[in-house]
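Input: a single structure, listed below in C-alpha cells.
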Amino acid sequence: MKLKTCILIALCILLTVSSLFAQQKIKVIRANSKTVDIKDGNNLKKATWTIVPSARPDIYKTSAKRVTFYTDLDSISFKVKPGHEYNFVILLNGKDSAFTQIKYEKTEPVSYLDILKKASKYDFNDSRELAKFTYKPVSDKGLIHIRKDFKLDSVIGGGNEVSQILSLLHWVHNTFPHDGTKDAPNCSSIHNLMDICISGHHTVDCGSLANILNNCYLAAGFKSRRVVCLPKDSTDFDCHSINTVYSNSLNKWVWVDPTNDAYVMNEKGELLGIAEVRQRLIENKPLILNPEANWNHRSSVTKEEYLYYYMAKNLYALMCFVSSGGEIKCNLLLPVEYTGVIPRTRANNPKCTNNPDKFWVKPD
C-alpha cells in the first residue's frame, strides 16, 4: 500500500512539473556534454553544473541580476528578477530533456561557522553501505617509479613517522605551485603530471595537488586519501581538496593541506584530523595552525581566514574518491540536516552516509 502511495505521489509531482513547463513557451538549448558553465552575474563558474534529466525541474538558485548557461553547443541568458522563475530545457544528446529552472533567491550575509554549527549532528546508526576504501600497496609499479624517480626516500629523511609525514607535505607544497584558476596540464599518470610540472614550471589546482601528495604518501607506505571539502550552498562552486594521512604512531587520521602547507593542532600541539578540526570549530575549542602555513610563499595563511572562514565553509560535507577494481567510486559524508546529494557531486554518483565512523574507518 505504501509503495502504491509513493508511486502516485511521484506521478502527481511529475505531472505538476510537466504542466508548469507546458503552460509556458519553453526555450530549448542543446548539449552533448553533461557539464555546463554558468555566468552568475559577473562570476563565471567553469564546469560547475551537471545536467541531470531525472531532476524535473533541476533548480539553480541565484541572487544575480543576470544568469547565462553555457553548454558545449549552446547558451541561454535570463535577466533575473525577484519573485520570478525562468524555465528552459536542455536537450542532452538529442534525446534526453532536462527541465531546468532559474530561481531568484535573496542571499543574506552569513556566518559560515554558524552554518557549520547547525550541521553538527550525524547519525552513527546509519548502516548504508559505502564503497570499500582501498589503498594502493607500495609494490604498485607506478608508486615504485614515483618513489625512485623523485627521490622520496631523501625527502622523507630519517626522522620519526610524523616528521616524515610533514616532510612530504612541505616538499609537495614547495615543488608544485598552486593556481586554482588554471587546469592542470594534460597527463597520462600522476608520475607524468609531476614530470611535466617540474620540467615546464606548470601550476596545478588544489585537487591535482592533493592527488600528487596522496600518491607520494602511498609510495612512501602511508595510507592516505584525497578529501574534497564541500560547502552547503549549491550555488557556491568553490570547494577545496586536502589530504588525510593515517599515522600509526598517533593511531589517527591527520589533516594535511598541500595548497597552504598547512596542518592543524590542538592546544597541546598534537596533530588533528579533519573530523577533529570540524568538531572543534563547532564547539569553539582551541585550534592552532602551523606558523609556516602559506600560499606559494607569497602570502601567509592566517588561522582566522583559513579555519574560521574558508574551511568552516568547506567542511560542511566531505567526499573521498575510492579506487575499487579499477573503477573510481566516491563516498560522501553528509550531516543529518542535509537531504539528498550535494549538487556538484551528482556526476560522481557517490555513496552517501551520515555516519562518520563508516567514513573515517581505520585502514586495514
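Each chain in the C-alpha cells gets a letter, A, B and so on, in the order shown; residues start at 1 in every chain, and ligands are counted from 1 in the order they appear.
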Residues near A:Ala98, cut-off 9 Å, only C-alpha atoms, skip fewer than 5 positions along chain, as a list in words: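 Answer for this query is Ile51, Val52, Pro53, Ser54, Ala55, Arg56, Pro57, Asp58, Phe88, Val89, Ile90, Leu91 and Leu92 of chain A.
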If you count only C-alpha atoms, which residues fall within 9 Å of A:Val138, apart from same-chain ones fewer than 4 positions away, as a PyMOL selection string? chain A and resi 143-144+218-222
Check stretch 121-352 of chain A with DSSP on the backbone and list each residue it calls helix (DSSP H, G or I), as number ranges by chain. A: 141-149, 152-156, 161-175, 190-200, 206-219, 274-282, 303-314, 343-348
Which polymer residues have any atom within 10 Å of an atom of A:Lys182, counting only C-alpha atoms, with same-chain residues fewer than 4 positions away left out, as number ranges by chain? A: 178, 202-205
Could you pull out all residues of stretch 194-282 of chain A with a DSSP call of strand (DSSP E or B) and give them as a PyMOL selection string? chain A and resi 204+224-230+240-247+252-257+262+264-265+271
Serialized selection, C-alpha atoms, as a PDB file, in the first residue's frame:
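part-v8.pdb, freshly written:
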```
ATOM      1  CA  VAL A 204      48.233  22.823 -10.512  1.00  0.00           C
ATOM      2  CA  SER A 224      46.290   8.357   2.536  1.00  0.00           C
ATOM      3  CA  ARG A 225      43.193   9.823   0.912  1.00  0.00           C
ATOM      4  CA  ARG A 226      42.382  12.913  -1.100  1.00  0.00           C
ATOM      5  CA  VAL A 227      39.417  14.635   0.568  1.00  0.00           C
ATOM      6  CA  VAL A 228      37.125  17.081  -1.242  1.00  0.00           C
ATOM      7  CA  CYS A 229      35.750  19.582   1.300  1.00  0.00           C
ATOM      8  CA  LEU A 230      32.384  20.985   0.232  1.00  0.00           C
ATOM      9  CA  HIS A 240      38.819  22.737  -1.515  1.00  0.00           C
ATOM     10  CA  SER A 241      40.795  19.496  -1.737  1.00  0.00           C
ATOM     11  CA  ILE A 242      43.186  18.475   1.021  1.00  0.00           C
ATOM     12  CA  ASN A 243      44.595  15.178   2.292  1.00  0.00           C
ATOM     13  CA  THR A 244      44.182  12.931   5.261  1.00  0.00           C
ATOM     14  CA  VAL A 245      47.045  10.555   6.081  1.00  0.00           C
ATOM     15  CA  TYR A 246      46.926   7.804   8.684  1.00  0.00           C
ATOM     16  CA  SER A 247      49.575   7.957  11.407  1.00  0.00           C
ATOM     17  CA  LYS A 252      44.542   8.516  13.865  1.00  0.00           C
ATOM     18  CA  TRP A 253      43.943  10.330  10.584  1.00  0.00           C
ATOM     19  CA  VAL A 254      45.862  13.615  10.264  1.00  0.00           C
ATOM     20  CA  TRP A 255      44.925  16.810   8.366  1.00  0.00           C
ATOM     21  CA  VAL A 256      47.460  17.918   5.710  1.00  0.00           C
ATOM     22  CA  ASP A 257      46.831  20.638   3.106  1.00  0.00           C
ATOM     23  CA  ALA A 262      49.066  23.541   6.465  1.00  0.00           C
ATOM     24  CA  VAL A 264      46.307  21.803  12.465  1.00  0.00           C
ATOM     25  CA  MET A 265      46.981  21.180  16.167  1.00  0.00           C
ATOM     26  CA  LEU A 271      48.157  16.952  15.284  1.00  0.00           C
TER      27      LEU A 271
END
```
Restricting the calculation to only C-alpha atoms: of A:Ser249, A:Gln101, A:Asn314, A:Ser234, which residue gets closest to A:Val341? A:Ser234
Neighbours of A:Lys81 within 9 Å (only C-alpha atoms; same-chain residues fewer than 6 positions away dropped), as a PyMOL selection string? chain A and resi 63-66+103-104
What does the file look like for those residues with N, CA and C atoms, as an mmCIF file, in the first residue's frame?
```
data_model
loop_
_atom_site.group_PDB
_atom_site.id
_atom_site.type_symbol
_atom_site.label_atom_id
_atom_site.label_comp_id
_atom_site.auth_asym_id
_atom_site.auth_seq_id
_atom_site.Cartn_x
_atom_site.Cartn_y
_atom_site.Cartn_z
ATOM 1 N N SER A 63 21.113 35.088 -6.746
ATOM 2 C CA SER A 63 20.707 36.438 -6.363
ATOM 3 C C SER A 63 21.248 37.454 -7.366
ATOM 4 N N ALA A 64 21.823 36.941 -8.471
ATOM 5 C CA ALA A 64 22.372 37.813 -9.512
ATOM 6 C C ALA A 64 21.255 38.386 -10.383
ATOM 7 N N LYS A 65 21.557 39.478 -11.088
ATOM 8 C CA LYS A 65 20.558 40.100 -11.962
ATOM 9 C C LYS A 65 20.533 39.451 -13.344
ATOM 10 N N ARG A 66 21.583 38.735 -13.695
ATOM 11 C CA ARG A 66 21.628 38.073 -14.994
ATOM 12 C C ARG A 66 22.390 36.751 -14.858
ATOM 13 N N LYS A 103 15.913 30.352 -10.452
ATOM 14 C CA LYS A 103 15.025 30.938 -9.453
ATOM 15 C C LYS A 103 15.780 31.961 -8.615
ATOM 16 N N TYR A 104 15.192 33.139 -8.473
ATOM 17 C CA TYR A 104 15.833 34.177 -7.660
ATOM 18 C C TYR A 104 15.688 33.838 -6.186
#
```
Have a look at A:Leu318, A:Cys216, A:Val28, A:Ala312 and name the one nearest to A:Leu113; count only C-alpha atoms. A:Ala312
